[in-house]
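Below is the file run28.tsv, which contains TSV, C-alpha atoms.
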```tsv
chain	number	residue	atom	x	y	z
A	14	MET	CA	16.01	-9.57	17.21
A	15	GLY	CA	16.75	-12.71	19.20
A	16	SER	CA	16.44	-16.14	17.64
A	17	ASP	CA	13.48	-17.02	19.90
A	18	ILE	CA	11.66	-13.90	18.69
A	19	LEU	CA	12.52	-14.63	15.07
A	20	ARG	CA	11.18	-18.18	15.38
A	21	ALA	CA	8.02	-17.00	17.12
A	22	VAL	CA	7.38	-14.37	14.42
A	23	ILE	CA	7.67	-17.00	11.68
A	24	ASP	CA	5.51	-19.56	13.50
A	25	GLN	CA	2.78	-17.16	14.59
A	26	LEU	CA	2.49	-15.30	11.30
A	27	GLY	CA	2.42	-18.63	9.51
A	28	LEU	CA	-0.49	-19.75	11.67
A	29	LEU	CA	-2.27	-16.42	11.24
A	30	SER	CA	-1.83	-16.46	7.48
A	31	ASN	CA	-3.33	-19.92	7.25
A	32	SER	CA	-6.22	-19.10	9.58
A	33	GLN	CA	-7.72	-15.95	8.14
A	34	ARG	CA	-9.96	-15.43	5.16
A	35	ARG	CA	-8.17	-12.49	3.54
A	36	PRO	CA	-4.53	-12.73	2.50
A	37	LEU	CA	-2.14	-11.62	5.20
A	38	SER	CA	0.27	-8.84	4.37
A	39	VAL	CA	3.54	-8.59	6.27
A	40	VAL	CA	5.62	-5.44	5.98
A	41	LEU	CA	9.09	-5.18	7.50
A	42	HIS	CA	9.58	-1.56	8.40
A	43	GLY	CA	11.14	0.56	11.04
A	44	GLY	CA	13.12	2.42	11.99
A	45	GLU	CA	15.18	0.61	9.42
A	46	PRO	CA	14.51	-3.09	8.83
A	47	LEU	CA	17.80	-3.77	7.04
A	48	LEU	CA	19.57	-3.14	10.34
A	49	LEU	CA	18.45	-6.69	11.10
A	50	GLY	CA	21.45	-7.79	9.07
A	51	LEU	CA	21.62	-10.19	6.16
A	52	PRO	CA	21.79	-13.52	8.07
A	53	ASP	CA	18.74	-12.82	10.25
A	54	MET	CA	16.87	-11.24	7.33
A	55	ARG	CA	17.50	-14.42	5.36
A	56	ARG	CA	16.16	-16.57	8.19
A	57	LEU	CA	13.11	-14.37	8.53
A	58	VAL	CA	12.31	-14.15	4.81
A	59	GLU	CA	12.93	-17.83	4.14
A	60	GLY	CA	10.92	-18.82	7.21
A	61	LEU	CA	7.97	-16.59	6.43
A	62	SER	CA	7.94	-17.63	2.78
A	63	LYS	CA	7.61	-21.27	3.84
A	64	ALA	CA	5.21	-20.72	6.74
A	65	MET	CA	2.71	-18.34	5.19
A	66	ARG	CA	0.03	-19.10	2.66
A	67	ALA	CA	1.08	-18.59	-0.96
A	68	ASP	CA	-1.15	-15.53	-1.37
A	69	ALA	CA	0.42	-13.69	1.57
A	70	GLY	CA	2.35	-10.54	0.77
A	71	LEU	CA	5.84	-9.89	2.11
A	72	HIS	CA	7.33	-6.43	1.74
A	73	VAL	CA	10.15	-4.29	3.04
A	74	GLN	CA	9.98	-0.55	3.54
A	75	THR	CA	13.56	0.71	3.71
A	76	ASN	CA	15.47	3.96	3.57
A	77	GLY	CA	17.71	2.23	1.01
A	78	VAL	CA	21.01	3.17	2.60
A	79	LEU	CA	21.89	-0.44	3.51
A	80	LEU	CA	20.32	-2.04	0.43
A	81	SER	CA	23.29	-4.14	-0.71
A	82	ASP	CA	23.32	-6.43	-3.74
A	83	GLU	CA	23.07	-9.36	-1.31
A	84	PHE	CA	19.82	-8.01	0.13
A	85	ILE	CA	18.48	-7.45	-3.39
A	86	GLU	CA	19.33	-11.03	-4.35
A	87	LEU	CA	17.58	-12.34	-1.26
A	88	PHE	CA	14.45	-10.28	-1.90
A	89	ALA	CA	14.44	-11.29	-5.56
A	90	GLU	CA	14.77	-14.97	-4.69
A	91	HIS	CA	11.75	-14.83	-2.37
A	92	GLU	CA	9.71	-12.21	-4.24
A	93	VAL	CA	9.84	-9.74	-1.39
A	94	GLY	CA	8.48	-6.40	-2.53
A	95	VAL	CA	10.76	-3.48	-1.79
A	96	SER	CA	9.62	0.09	-1.23
A	97	ILE	CA	12.19	2.81	-0.69
A	98	SER	CA	11.75	6.10	1.11
A	99	LEU	CA	12.66	9.06	-1.09
A	100	ASP	CA	11.17	12.50	-0.51
A	101	GLY	CA	12.15	14.09	-3.83
A	102	PRO	CA	15.23	15.88	-5.16
A	103	ALA	CA	18.30	16.16	-2.94
A	104	GLU	CA	17.46	19.58	-1.51
A	105	ILE	CA	14.08	18.25	-0.31
A	106	HIS	CA	15.09	14.75	0.72
A	107	ASP	CA	18.18	15.83	2.63
A	108	ARG	CA	16.27	18.31	4.79
A	109	ASN	CA	14.98	15.49	6.92
A	110	ARG	CA	16.76	12.27	5.97
A	111	LEU	CA	20.31	12.19	7.24
A	112	ASP	CA	22.68	9.27	7.67
A	113	ARG	CA	24.36	8.45	10.98
A	114	ASN	CA	27.05	11.01	10.25
A	115	GLY	CA	24.52	13.77	9.74
A	116	ARG	CA	24.93	13.86	5.99
A	117	GLY	CA	22.05	13.81	3.58
A	118	SER	CA	21.33	10.31	2.28
A	119	HIS	CA	19.90	11.29	-1.11
A	120	SER	CA	22.82	10.14	-3.26
A	121	GLN	CA	23.01	6.78	-1.45
A	122	VAL	CA	19.28	6.22	-1.89
A	123	ILE	CA	19.36	7.11	-5.58
A	124	GLU	CA	22.24	4.69	-6.09
A	125	ALA	CA	20.34	1.92	-4.29
A	126	ILE	CA	17.21	2.48	-6.38
A	127	ALA	CA	19.30	2.39	-9.57
A	128	ARG	CA	20.80	-0.98	-8.60
A	129	LEU	CA	17.38	-2.35	-7.77
A	130	VAL	CA	15.91	-1.11	-11.05
A	131	ALA	CA	18.83	-2.62	-12.97
A	132	HIS	CA	18.44	-6.05	-11.35
A	133	PRO	CA	16.81	-8.67	-13.61
A	134	ALA	CA	14.02	-9.05	-11.05
A	135	GLY	CA	13.85	-5.33	-10.31
A	136	GLU	CA	10.62	-4.82	-12.17
A	137	GLN	CA	8.95	-7.52	-10.10
A	138	ILE	CA	10.21	-6.57	-6.65
A	139	LEU	CA	10.42	-2.76	-6.72
A	140	SER	CA	7.01	-1.90	-5.30
A	141	GLY	CA	7.59	1.81	-5.36
A	142	LEU	CA	8.84	4.82	-3.46
A	143	LEU	CA	7.43	6.53	-0.42
A	144	ALA	CA	7.71	10.28	0.01
A	145	VAL	CA	6.70	12.43	2.95
A	146	VAL	CA	5.12	15.67	1.80
A	147	ASP	CA	6.91	18.92	2.56
A	148	PRO	CA	4.31	21.54	1.68
A	149	SER	CA	7.02	24.16	1.17
A	150	SER	CA	8.44	22.11	-1.72
A	151	ASP	CA	7.46	22.25	-5.38
A	152	PRO	CA	5.21	19.21	-6.04
A	153	ILE	CA	6.16	19.12	-9.71
A	154	GLU	CA	9.86	18.93	-8.84
A	155	VAL	CA	9.08	16.13	-6.40
A	156	TYR	CA	7.00	14.28	-9.01
A	157	GLU	CA	9.69	14.51	-11.65
A	158	ALA	CA	12.44	13.51	-9.23
A	159	LEU	CA	10.57	10.40	-8.13
A	160	LYS	CA	9.56	9.47	-11.66
A	161	ALA	CA	13.14	9.88	-12.92
A	162	THR	CA	14.25	6.97	-10.75
A	163	GLY	CA	12.30	4.56	-12.94
A	164	THR	CA	9.94	3.53	-10.15
A	165	PRO	CA	6.60	2.06	-11.25
A	166	ALA	CA	4.76	3.77	-8.40
A	167	PHE	CA	5.06	6.07	-5.47
A	168	ASP	CA	3.00	6.99	-2.48
A	169	LEU	CA	2.84	10.07	-0.33
A	170	LEU	CA	2.39	10.53	3.39
A	171	TYR	CA	1.37	13.72	5.09
A	172	ARG	CA	3.69	14.73	7.89
A	173	ASP	CA	2.90	13.71	11.44
A	174	GLY	CA	0.57	15.87	13.45
A	175	ASN	CA	-2.76	16.19	15.22
A	176	HIS	CA	-5.10	18.88	16.52
A	177	SER	CA	-2.94	19.60	19.55
A	178	GLU	CA	0.33	19.59	17.63
A	179	LEU	CA	-0.25	20.72	14.07
A	180	PRO	CA	1.75	19.05	11.29
A	181	PRO	CA	4.78	21.04	10.07
A	182	GLY	CA	3.79	23.55	7.42
A	183	LYS	CA	0.12	23.62	8.40
A	184	GLU	CA	-1.01	26.97	9.75
A	185	SER	CA	-4.35	25.95	11.23
A	186	PHE	CA	-7.14	23.40	10.99
A	187	GLU	CA	-8.81	25.56	8.34
A	188	SER	CA	-5.71	26.03	6.20
A	189	THR	CA	-5.07	23.80	3.16
A	190	GLU	CA	-1.33	23.81	2.53
A	191	TYR	CA	-1.24	20.03	2.05
A	192	GLY	CA	-4.39	19.93	-0.06
A	193	SER	CA	-3.16	22.70	-2.34
A	194	TRP	CA	0.17	20.93	-2.74
A	195	MET	CA	-1.61	17.72	-3.67
A	196	ILE	CA	-3.84	19.45	-6.21
A	197	ARG	CA	-0.79	20.80	-8.04
A	198	LEU	CA	0.65	17.30	-8.02
A	199	LEU	CA	-2.67	15.86	-9.21
A	200	ASP	CA	-2.82	18.17	-12.21
A	201	HIS	CA	0.72	17.30	-13.22
A	202	TYR	CA	-0.05	13.60	-12.78
A	203	LEU	CA	-3.21	13.72	-14.86
A	204	ALA	CA	-1.43	15.53	-17.68
A	205	ASP	CA	1.46	13.04	-17.81
A	206	GLN	CA	1.29	10.68	-20.81
A	207	THR	CA	3.56	8.13	-19.10
A	208	PRO	CA	2.61	8.43	-15.45
A	209	PRO	CA	3.85	6.16	-12.70
A	210	ARG	CA	1.25	5.15	-10.13
A	211	ILE	CA	0.56	7.51	-7.23
A	212	ARG	CA	-1.21	5.34	-4.76
A	213	VAL	CA	-2.93	7.86	-2.52
A	214	LEU	CA	-4.29	9.77	-5.52
A	215	ASP	CA	-5.30	6.56	-7.28
A	216	ASP	CA	-7.08	5.32	-4.16
A	217	LEU	CA	-9.11	8.48	-3.74
A	218	MET	CA	-10.04	8.68	-7.43
A	219	ARG	CA	-10.85	4.98	-7.57
A	220	LEU	CA	-13.23	5.46	-4.65
A	221	ILE	CA	-14.87	8.41	-6.38
A	222	LEU	CA	-15.29	6.22	-9.45
A	223	GLY	CA	-16.99	3.54	-7.33
A	224	GLY	CA	-14.03	1.26	-6.77
A	225	HIS	CA	-11.95	0.30	-3.76
A	226	SER	CA	-9.00	1.75	-1.89
A	227	ARG	CA	-5.89	-0.19	-0.91
A	228	LYS	CA	-4.35	2.09	1.65
A	229	GLU	CA	-5.01	2.63	5.32
A	230	GLY	CA	-6.46	6.01	6.14
A	231	VAL	CA	-8.40	6.39	2.88
A	232	GLY	CA	-11.97	5.24	2.25
A	233	PRO	CA	-14.12	3.03	4.47
A	234	GLU	CA	-11.90	-0.05	4.35
A	235	GLN	CA	-10.53	-0.94	7.79
A	236	TYR	CA	-7.23	-2.70	8.37
A	237	GLY	CA	-6.42	-4.77	11.43
A	238	ILE	CA	-2.81	-3.74	11.74
A	239	LEU	CA	-0.59	-5.22	14.41
A	240	VAL	CA	3.03	-4.29	14.94
A	241	VAL	CA	5.75	-6.58	16.31
A	242	ASP	CA	8.76	-4.69	17.63
A	243	THR	CA	12.26	-6.14	17.43
A	244	ASP	CA	12.06	-7.03	21.13
A	245	GLY	CA	8.94	-9.10	20.41
A	246	THR	CA	6.43	-6.65	21.87
A	247	ILE	CA	3.09	-6.67	20.05
A	248	THR	CA	1.52	-3.24	19.74
A	249	ARG	CA	-1.32	-1.50	18.01
A	250	ASN	CA	-0.60	0.49	14.85
A	251	ASP	CA	2.55	2.42	15.62
A	252	THR	CA	1.26	5.46	13.74
A	253	LEU	CA	-0.80	6.04	16.89
A	254	LYS	CA	2.40	7.30	18.52
A	255	VAL	CA	1.69	10.48	16.59
A	256	ALA	CA	-1.31	11.00	18.89
A	257	HIS	CA	0.47	10.73	22.22
A	258	ALA	CA	3.11	8.66	24.00
A	259	GLY	CA	1.90	5.13	24.63
A	260	ALA	CA	-1.09	5.41	22.29
A	261	ASP	CA	0.20	2.42	20.35
A	262	ARG	CA	0.18	0.15	23.42
A	263	PHE	CA	-2.44	-2.40	24.33
A	264	ASP	CA	-3.74	-2.36	27.89
A	265	ALA	CA	-1.83	-5.53	28.66
A	266	GLN	CA	1.74	-6.38	27.69
A	267	HIS	CA	1.93	-8.82	24.81
A	268	SER	CA	4.95	-10.57	23.34
A	269	ILE	CA	5.13	-12.55	20.13
A	270	VAL	CA	6.98	-15.23	22.14
A	271	GLN	CA	4.36	-15.61	24.86
A	272	THR	CA	1.04	-14.33	23.50
A	273	ASP	CA	-1.01	-16.43	21.15
A	274	LEU	CA	-1.65	-14.08	18.23
A	275	LEU	CA	-4.90	-15.73	17.19
A	276	SER	CA	-6.24	-15.45	20.74
A	277	LEU	CA	-5.25	-11.78	20.92
A	278	LEU	CA	-7.31	-11.09	17.81
A	279	GLY	CA	-10.37	-12.42	19.63
A	280	THR	CA	-10.03	-10.17	22.68
A	281	LYS	CA	-12.07	-7.11	23.58
A	282	GLU	CA	-8.97	-4.93	23.63
A	283	PHE	CA	-8.25	-5.82	20.01
A	284	ALA	CA	-11.89	-5.20	19.08
A	285	ASP	CA	-11.74	-1.81	20.83
A	286	TYR	CA	-8.57	-0.96	18.94
A	287	PHE	CA	-10.09	-2.06	15.63
A	288	ASP	CA	-13.20	0.05	16.27
A	289	LEU	CA	-10.95	3.07	16.80
A	290	HIS	CA	-10.49	3.28	13.03
A	291	ALA	CA	-14.13	4.20	12.37
A	292	PRO	CA	-14.50	7.97	12.70
A	293	THR	CA	-16.82	9.05	15.51
A	294	SER	CA	-16.90	12.81	15.01
A	295	PRO	CA	-20.33	14.19	14.05
A	296	ILE	CA	-18.50	16.29	11.47
A	297	CYS	CA	-17.28	13.11	9.77
A	298	ARG	CA	-20.51	11.19	10.19
A	299	ARG	CA	-22.52	13.78	8.34
A	300	CYS	CA	-19.82	14.56	5.79
A	301	PRO	CA	-20.86	13.64	2.21
A	302	GLU	CA	-17.25	12.71	1.44
A	303	LEU	CA	-16.80	10.25	4.31
A	304	THR	CA	-16.86	7.22	2.00
A	305	ILE	CA	-13.97	8.73	0.04
A	306	CYS	CA	-11.91	10.33	2.80
A	307	GLY	CA	-12.62	7.67	5.41
A	308	GLY	CA	-11.89	10.11	8.22
A	309	GLY	CA	-8.14	9.82	7.79
A	310	MET	CA	-5.68	8.10	10.09
A	311	PRO	CA	-6.85	7.86	13.72
A	312	ALA	CA	-3.58	9.46	14.87
A	313	HIS	CA	-4.40	12.57	12.83
A	314	ARG	CA	-7.76	12.90	14.61
A	315	TRP	CA	-6.28	13.22	18.05
A	316	SER	CA	-6.64	16.21	20.35
A	317	ARG	CA	-5.87	16.48	24.03
A	318	ALA	CA	-9.38	17.79	24.67
A	319	ARG	CA	-11.45	15.24	22.75
A	320	GLY	CA	-9.21	12.27	22.11
A	321	TYR	CA	-9.97	10.72	18.71
A	322	ASP	CA	-13.43	12.26	18.46
A	323	ASN	CA	-12.44	14.78	15.78
A	324	PRO	CA	-12.17	14.86	12.01
A	325	THR	CA	-8.62	14.39	10.74
A	326	VAL	CA	-6.46	17.47	11.19
A	327	PHE	CA	-6.13	17.29	7.38
A	328	CYS	CA	-9.92	17.49	6.92
A	329	ARG	CA	-9.87	20.74	4.94
A	330	ASP	CA	-6.94	19.52	2.85
A	331	GLN	CA	-8.82	16.35	1.95
A	332	GLN	CA	-11.96	18.31	1.18
A	333	VAL	CA	-10.27	20.57	-1.35
A	334	LEU	CA	-8.36	17.66	-2.86
A	335	ILE	CA	-11.45	15.46	-3.27
A	336	SER	CA	-13.38	18.40	-4.67
A	337	ALA	CA	-10.61	19.02	-7.22
A	338	MET	CA	-10.63	15.34	-8.17
A	339	ARG	CA	-14.38	15.35	-8.68
A	340	ALA	CA	-14.08	18.39	-10.93
A	341	ARG	CA	-11.35	16.80	-13.03
A	342	LEU	CA	-13.13	13.45	-13.27
A	343	GLU	CA	-16.29	15.27	-14.30
A	344	GLN	CA	-14.35	16.88	-17.14
A	345	THR	CA	-13.64	13.43	-18.54
A	346	ARG	CA	-17.31	12.70	-19.08
A	347	PRO	CA	-18.39	12.93	-22.70
A	348	PRO	CA	-20.56	15.78	-23.94
A	349	ALA	CA	-24.25	15.05	-24.26
A	350	PRO	CA	-25.13	13.35	-27.58
A	351	LYS	CA	-26.08	15.84	-30.29
A	352	MET	CA	-28.91	15.40	-32.75
A	353	ALA	CA	-27.66	14.38	-36.17
A	354	ALA	CA	-28.34	16.99	-38.83
A	355	SER	CA	-28.73	16.13	-42.48
A	356	ARG	CA	-29.35	18.13	-45.60
A	357	ALA	CA	-31.74	16.78	-48.15
B	144	MET	CA	6.95	-5.31	11.28
B	145	SER	CA	3.26	-5.06	10.81
B	146	THR	CA	0.56	-7.37	9.62
B	147	THR	CA	-2.75	-6.47	8.17
B	148	ASP	CA	-6.04	-8.04	7.39
B	149	SER	CA	-8.98	-6.08	6.12
B	150	LEU	CA	-12.71	-6.16	6.37
B	151	SER	CA	-14.44	-4.79	3.33
B	152	THR	CA	-17.17	-2.31	4.05
B	153	GLN	CA	-17.37	-1.08	0.48
B	154	ARG	CA	-20.63	-0.62	-1.28
B	155	PRO	CA	-21.13	-2.09	-4.75
B	156	GLU	CA	-21.28	0.48	-7.49
B	157	ASP	CA	-22.63	0.55	-10.96
B	158	ALA	CA	-19.63	1.06	-13.21
B	159	ALA	CA	-21.65	1.24	-16.40
B	160	GLU	CA	-21.35	5.00	-16.68
B	161	LEU	CA	-17.59	4.68	-16.73
B	162	SER	CA	-17.54	3.76	-20.40
B	163	ILE	CA	-16.35	7.18	-21.39
B	164	PRO	CA	-13.47	8.45	-23.44
B	165	VAL	CA	-10.74	10.11	-21.43
B	166	ASP	CA	-7.51	11.80	-22.31
B	167	SER	CA	-5.67	11.22	-19.06
B	168	VAL	CA	-3.65	8.03	-18.92
B	169	ALA	CA	-3.88	7.94	-15.12
B	170	ILE	CA	-7.67	8.30	-15.13
B	171	GLU	CA	-8.10	5.87	-17.97
B	172	ARG	CA	-6.35	3.05	-16.16
B	173	LEU	CA	-8.33	3.72	-12.99
B	174	ILE	CA	-11.57	3.54	-14.92
B	175	GLU	CA	-10.43	0.25	-16.41
B	176	GLU	CA	-9.63	-1.11	-12.96
B	177	VAL	CA	-13.03	-0.14	-11.59
B	178	ARG	CA	-14.75	-1.53	-14.66
B	179	SER	CA	-12.99	-4.86	-14.16
B	180	GLY	CA	-13.92	-4.97	-10.50
B	181	ASP	CA	-10.59	-3.75	-9.17
B	182	SER	CA	-9.07	-7.02	-10.28
B	183	VAL	CA	-6.06	-5.31	-11.80
B	184	GLU	CA	-3.59	-5.61	-8.96
B	185	ALA	CA	-0.04	-6.07	-10.08
B	186	ALA	CA	2.39	-7.47	-7.56
B	187	SER	CA	4.24	-4.19	-7.81
B	188	TYR	CA	1.25	-2.35	-6.43
B	189	ASN	CA	0.43	-4.24	-3.27
B	190	ARG	CA	-2.13	-2.69	-1.00
B	191	THR	CA	0.03	-2.31	2.07
B	192	TYR	CA	3.66	-1.98	1.07
B	193	ASN	CA	3.99	1.63	1.98
B	194	ARG	CA	4.25	1.54	5.70
B	195	HIS	CA	6.27	4.33	7.09
B	196	ASN	CA	9.95	4.77	7.24
B	197	ARG	CA	10.49	8.36	8.17
```
Encoded form (structure tokens):
Amino acid sequence: MGSDILRAVIDQLGLLSNSQRRPLSVVLHGGEPLLLGLPDMRRLVEGLSKAMRADAGLHVQTNGVLLSDEFIELFAEHEVGVSISLDGPAEIHDRNRLDRNGRGSHSQVIEAIARLVAHPAGEQILSGLLAVVDPSSDPIEVYEALKATGTPAFDLLYRDGNHSELPPGKESFESTEYGSWMIRLLDHYLADQTPPRIRVLDDLMRLILGGHSRKEGVGPEQYGILVVDTDGTITRNDTLKVAHAGADRFDAQHSIVQTDLLSLLGTKEFADYFDLHAPTSPICRRCPELTICGGGMPAHRWSRARGYDNPTVFCRDQQVLISAMRARLEQTRPPAPKMAASRA
Amino acid sequence: MSTTDSLSTQRPEDAAELSIPVDSVAIERLIEEVRSGDSVEAASYNRTYNRHNR
């Protein structure tokens, strides 16, 4: 990331943070954000901390491999939340997460999490772990492996896919491999007397209980996510790449160095992009669980035939999961009051 | 790097019926959050930290 881009990111996000009603949340992710290197990361974090409003959030999502003590000190000093990607025990994690030499990164990640947990500010800055679901794995093993790190929370992502290219491990639109996996995890979670947080499960259950979600792709809340690449290019949510090549691009080329971010937010192309998040499929619009499910991530709705005008490819998975949650929440309701009996 | 703002489209809900005994720690804390208007938001549980890294 060039110094002109770094400066523009700090200046523009500072302006944006001070201009909007809701707190801005900035997440450094990748790829791998720590590849930025310590000096540039320090400039970025220090600059953003000064430029943004005090209620703005600043977080890093990292694979943990490069998480040195120096990075931890920097994040602790500026209260940068750190989330680390860990998919579960070594045999699960190392299936898909390899270092540059082709070796599994599990042991390096575990070591990084341990150092972060042991840091005096670890409790404040360790936001949690992020795992990608492998439906062929044992969810209880995954749960216990993540919990054993000492993390206060973890979140789960379904694997990439859409109607034209099904996610790995999903047989068909009607099949529920991911939903069944999540239900097993849910039951283990609900039985745990010292549970960490599981954000996606908490969000769905909080919505069922009448509360709010905090995660994109769940519930009716819509997030205006913009992505700034390391070359300064401003794009739509990069998860849209899961739909098709170029789906994350705006019609026009925008750069954080040349494009006024506040002006971009007022354009029709941003409004069109924002509107993309609301599900359009008749199946979703008449679904009684739409306010809980939210229609899923737009990228998961994609098909070559109908574009985004579909329910999420995980529709059936979400249906069985939400149904299971409703059943378990219902079980927590107290029995009907009984008439008091007395003997004279 | 990504930035987010959000527009709330949530409906208000009556949380009165949530005053129920539960035996699940995870459910109990969610009920407490909803009862208190979702105000329980520790810094360690920020709404957008988990962007992807995969």
Find the nearest atom pair between each residue of chain A and chain B for residues within 6 Å, count only C-alpha atoms, give distances in Å to one decimal, sort rows by chain and ascending number, and present the table as JSON lines.
```
{"residue": "A:Leu37", "atom": "CA", "partner": "B:Asp148", "partner_atom": "CA", "distance": 5.7}
{"residue": "A:Ser38", "atom": "CA", "partner": "B:Thr147", "partner_atom": "CA", "distance": 5.4}
{"residue": "A:Val39", "atom": "CA", "partner": "B:Thr146", "partner_atom": "CA", "distance": 4.6}
{"residue": "A:Val40", "atom": "CA", "partner": "B:Ser145", "partner_atom": "CA", "distance": 5.4}
{"residue": "A:Leu41", "atom": "CA", "partner": "B:Met144", "partner_atom": "CA", "distance": 4.3}
{"residue": "A:His42", "atom": "CA", "partner": "B:Met144", "partner_atom": "CA", "distance": 5.4}
{"residue": "A:Gly43", "atom": "CA", "partner": "B:Asn196", "partner_atom": "CA", "distance": 5.8}
{"residue": "A:His72", "atom": "CA", "partner": "B:Tyr192", "partner_atom": "CA", "distance": 5.8}
{"residue": "A:Ser140", "atom": "CA", "partner": "B:Ser187", "partner_atom": "CA", "distance": 4.4}
{"residue": "A:Leu203", "atom": "CA", "partner": "B:Ser167", "partner_atom": "CA", "distance": 5.5}
{"residue": "A:Gln206", "atom": "CA", "partner": "B:Val168", "partner_atom": "CA", "distance": 5.9}
{"residue": "A:Gly223", "atom": "CA", "partner": "B:Glu156", "partner_atom": "CA", "distance": 5.3}
{"residue": "A:Gly224", "atom": "CA", "partner": "B:Val177", "partner_atom": "CA", "distance": 5.1}
{"residue": "A:Arg227", "atom": "CA", "partner": "B:Arg190", "partner_atom": "CA", "distance": 4.5}
{"residue": "A:Lys228", "atom": "CA", "partner": "B:Arg190", "partner_atom": "CA", "distance": 5.9}
{"residue": "A:Glu234", "atom": "CA", "partner": "B:Ser151", "partner_atom": "CA", "distance": 5.5}
{"residue": "A:Gln235", "atom": "CA", "partner": "B:Ser149", "partner_atom": "CA", "distance": 5.6}
{"residue": "A:Tyr236", "atom": "CA", "partner": "B:Ser149", "partner_atom": "CA", "distance": 4.4}
{"residue": "A:Gly237", "atom": "CA", "partner": "B:Thr147", "partner_atom": "CA", "distance": 5.2}
{"residue": "A:Ile238", "atom": "CA", "partner": "B:Thr147", "partner_atom": "CA", "distance": 4.5}
{"residue": "A:Leu239", "atom": "CA", "partner": "B:Ser145", "partner_atom": "CA", "distance": 5.3}
{"residue": "A:Val240", "atom": "CA", "partner": "B:Ser145", "partner_atom": "CA", "distance": 4.2}
{"residue": "A:Val241", "atom": "CA", "partner": "B:Met144", "partner_atom": "CA", "distance": 5.3}
{"residue": "A:Thr345", "atom": "CA", "partner": "B:Val165", "partner_atom": "CA", "distance": 5.3}
```
Inset, instruction - Write out as a list in words each polymer residue whose atoms come within 10 Å of segment 253-262 of chain A, counting all atoms listed in the file; drop sequence neighbours fewer than 5 positions from it. - result: Arg172, Asp173, Gly174, Asn175, His176, Ser177, Glu178, Leu239, Val240, Thr246, Ile247, Thr248, His267, Tyr286, Met310, Pro311, Ala312, His313, Arg314, Trp315, Ser316, Arg317, Gly320 and Tyr321 of chain A
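Going from atom CA of Glu187 of chain A over to atom CA of Phe327 of chain A, you cover 8.7 Å.
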Inset, instruction - To one decimal in Å, tell me the separation between atom CA of Leu170 of chain A and atom CA of Met54 of chain A. - result: 26.4 Å
Inset, instruction - Find the spatial neighbours of segment 118-132 of chain A, counting all atoms listed in the file, within a cut-off of 6 Å - ignore same-chain residues fewer than 6 positions away - and output them as an MDAnalysis selection string. - result: chainID A and resid 77:78 103 111:112
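Residue neighbourhood of Ala144 of chain A, excluding near-sequence residues (fewer than 5 positions): Ile97, Ser98, Leu99, Asp100, Gly101, His106, Val155, Leu159, Phe167, Asp168, Leu169, Leu170 and Tyr171 of chain A; Arg197 of chain B, at 9 Å, using only C-alpha atoms.
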Create the file for the chosen residues now, containing C-alpha atoms and written as a PDB file, in the coordinates of the input.
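Output below, filename part26.pdb:
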```pdb
ATOM      1  CA  ILE A  97      12.190   2.810  -0.690  1.00  0.00           C
ATOM      2  CA  SER A  98      11.750   6.100   1.110  1.00  0.00           C
ATOM      3  CA  LEU A  99      12.660   9.060  -1.090  1.00  0.00           C
ATOM      4  CA  ASP A 100      11.170  12.500  -0.510  1.00  0.00           C
ATOM      5  CA  GLY A 101      12.150  14.090  -3.830  1.00  0.00           C
ATOM      6  CA  HIS A 106      15.090  14.750   0.720  1.00  0.00           C
ATOM      7  CA  VAL A 155       9.080  16.130  -6.400  1.00  0.00           C
ATOM      8  CA  LEU A 159      10.570  10.400  -8.130  1.00  0.00           C
ATOM      9  CA  PHE A 167       5.060   6.070  -5.470  1.00  0.00           C
ATOM     10  CA  ASP A 168       3.000   6.990  -2.480  1.00  0.00           C
ATOM     11  CA  LEU A 169       2.840  10.070  -0.330  1.00  0.00           C
ATOM     12  CA  LEU A 170       2.390  10.530   3.390  1.00  0.00           C
ATOM     13  CA  TYR A 171       1.370  13.720   5.090  1.00  0.00           C
TER      14      TYR A 171
ATOM     15  CA  ARG B 197      10.490   8.360   8.170  1.00  0.00           C
TER      16      ARG B 197
END
```
Inset, instruction - Rounded to one decimal place, report the atom CA of Gly232 of chain A-atom CA of His290 of chain A distance in Å. - result: 11.1 Å
Legend entry - Polymer residues at most 9 Å from Lys183 of chain A, all atoms listed in the file, same-chain spacing of 6 or more positions, as a ChimeraX atom specification: /A:148,189-191,327
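Distances to Gly44 of chain A were evaluated for A:Ser336, A:Gly245, A:Gln74, A:Phe263 using only C-alpha atoms, and the minimum falls at A:Gln74.
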Inset, instruction - Write out as a ChimeraX atom specification the residues lying within 7 Å of segment 23-27 of chain A, counting all atoms listed in the file and excluding same-chain residues fewer than 4 positions away. - result: /A:19,31,57,60-61,64-65,274
